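Worksheet: one structure, shown below.
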Amino acid sequence: MSGNMAGERVRASDEEREQYANMVRAGMTEGRLTLEEGEERLSQVYAARYRDELPPTTADLPEGGRRGLYETPEAKERFARDGRRHVWGHAGFVAVVAAALTGLWVLSGAHFFWPAIPLFFMVFGLARHARWRAYGGHHPRFGRGRWGHGPEHWANQGWGRGPWEAASDRQGWGR
């Protein structure tokens with residue numbers, strides 16, 4: 001019988017160890033771990049043979065250390081590059097559909113430029129996409145996005161809170 005039985009331990013790969021090492025390094029960079037703690041945990045990570053030995057090395061870091069992976073300069077640059085590519089792809093799609101709708105309007109001979117209606121919504125969606133992309137993949141006042149930031153993070157960045165949000169709703173809203 002192949003596969004992992006309930007009591008078997010699974011060996012950790014070099015990639016998994018390197019991912020946990022990056023989380024520990026991020027914790028050191030953020031100042032959550034001292035240099036000595038970080039070096040000790042790095043040695044534990046690289047000495048780990050099995051997967052279940054890795055999570056305890058980052059268990060006391062926010063979100064198990066995973067947030068630190070997304071806040072590295074390399075991850076932020078990759079996210080910015082990918083986001084720009086998605087916005088340009090969206091813009092290309094809108095341009096193709098606009099050309100097709102305009103062609104249909106010309107062929108139909110209609111007096112009213114009816115493609116203006118769907119194009120308005122498509123351009124509005126594109127603008128929204130580009131705007132949300134500028135805020136790190138999510139709206140600054142709602143919920144947690146790809147980076148795990150909630151309304152309290154954006155309030156600390158000077159964005160404030162929405163006027164519709166009562167003081168009693170702020171505890172846990174958007175989480």
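Residue numbers start at 1 in each chain; chains themselves are named A, B, ... in the order of the structure tokens; ligands are numbered from 1 in the order shown.
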
What's the 12 Å shell around A:His86, counting only C-alpha atoms, without same-chain residues fewer than 6 positions away, as a PDB file with N, CA and C atoms, in the first residue's frame?
ATOM      1  N   PHE A  79       4.856  41.015  -6.289  1.00  0.00           N
ATOM      2  CA  PHE A  79       3.443  41.351  -6.256  1.00  0.00           C
ATOM      3  C   PHE A  79       3.156  42.577  -7.113  1.00  0.00           C
ATOM      4  N   ALA A  80       4.031  43.576  -7.048  1.00  0.00           N
ATOM      5  CA  ALA A  80       3.839  44.780  -7.866  1.00  0.00           C
ATOM      6  C   ALA A  80       3.930  44.434  -9.349  1.00  0.00           C
ATOM      7  N   GLY A  92      -6.199  45.534 -21.805  1.00  0.00           N
ATOM      8  CA  GLY A  92      -6.225  44.962 -23.149  1.00  0.00           C
ATOM      9  C   GLY A  92      -7.565  44.334 -23.469  1.00  0.00           C
ATOM     10  N   PHE A  93      -8.119  43.630 -22.488  1.00  0.00           N
ATOM     11  CA  PHE A  93      -9.434  43.017 -22.671  1.00  0.00           C
ATOM     12  C   PHE A  93     -10.499  44.082 -22.923  1.00  0.00           C
ATOM     13  N   LEU A 126     -12.227  48.633 -14.700  1.00  0.00           N
ATOM     14  CA  LEU A 126     -10.787  48.740 -14.907  1.00  0.00           C
ATOM     15  C   LEU A 126     -10.182  49.760 -13.945  1.00  0.00           C
ATOM     16  N   HIS A 129     -10.043  48.214 -10.565  1.00  0.00           N
ATOM     17  CA  HIS A 129      -8.972  47.229 -10.506  1.00  0.00           C
ATOM     18  C   HIS A 129      -7.630  47.925 -10.288  1.00  0.00           C
ATOM     19  N   ALA A 130      -7.369  48.964 -11.060  1.00  0.00           N
ATOM     20  CA  ALA A 130      -6.103  49.693 -10.937  1.00  0.00           C
ATOM     21  C   ALA A 130      -5.996  50.362  -9.565  1.00  0.00           C
ATOM     22  N   TRP A 132      -7.513  49.433  -6.672  1.00  0.00           N
ATOM     23  CA  TRP A 132      -7.330  48.424  -5.639  1.00  0.00           C
ATOM     24  C   TRP A 132      -5.935  47.835  -5.726  1.00  0.00           C
ATOM     25  N   ARG A 133      -5.404  47.742  -6.916  1.00  0.00           N
ATOM     26  CA  ARG A 133      -4.052  47.240  -7.100  1.00  0.00           C
ATOM     27  C   ARG A 133      -3.058  48.162  -6.397  1.00  0.00           C
ATOM     28  N   GLY A 137      -3.781  45.117  -3.411  1.00  0.00           N
ATOM     29  CA  GLY A 137      -4.654  44.009  -3.754  1.00  0.00           C
ATOM     30  C   GLY A 137      -5.993  44.001  -3.058  1.00  0.00           C
TER      31      GLY A 137
END

Item to complete: Report the residues of stretch 18-139 of chain A whose backbone DSSP state falls under helix (DSSP H, G or I), written as number ranges by chain.
Response: A: 18-30, 35-47, 51-53, 55-57, 62-70, 73-108, 116-134

ask   = Could you pull the residues within 10 Å of stretch 41-57 of chain A, counting only C-alpha atoms, minus those fewer than 2 positions along the same chain, as a PyMOL selection string?
value = chain A and resi 9-14+16-25+33+35-39+59-61+64-65

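One finds atom CA of A:Glu8 at 28.8 Å from atom CA of A:Pro62.
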
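The nearest approach to A:Val87 among the residues A:Met122, A:Ala100, A:Ile117, A:Ala127, with only C-alpha atoms taken into account, belongs to A:Ala127.
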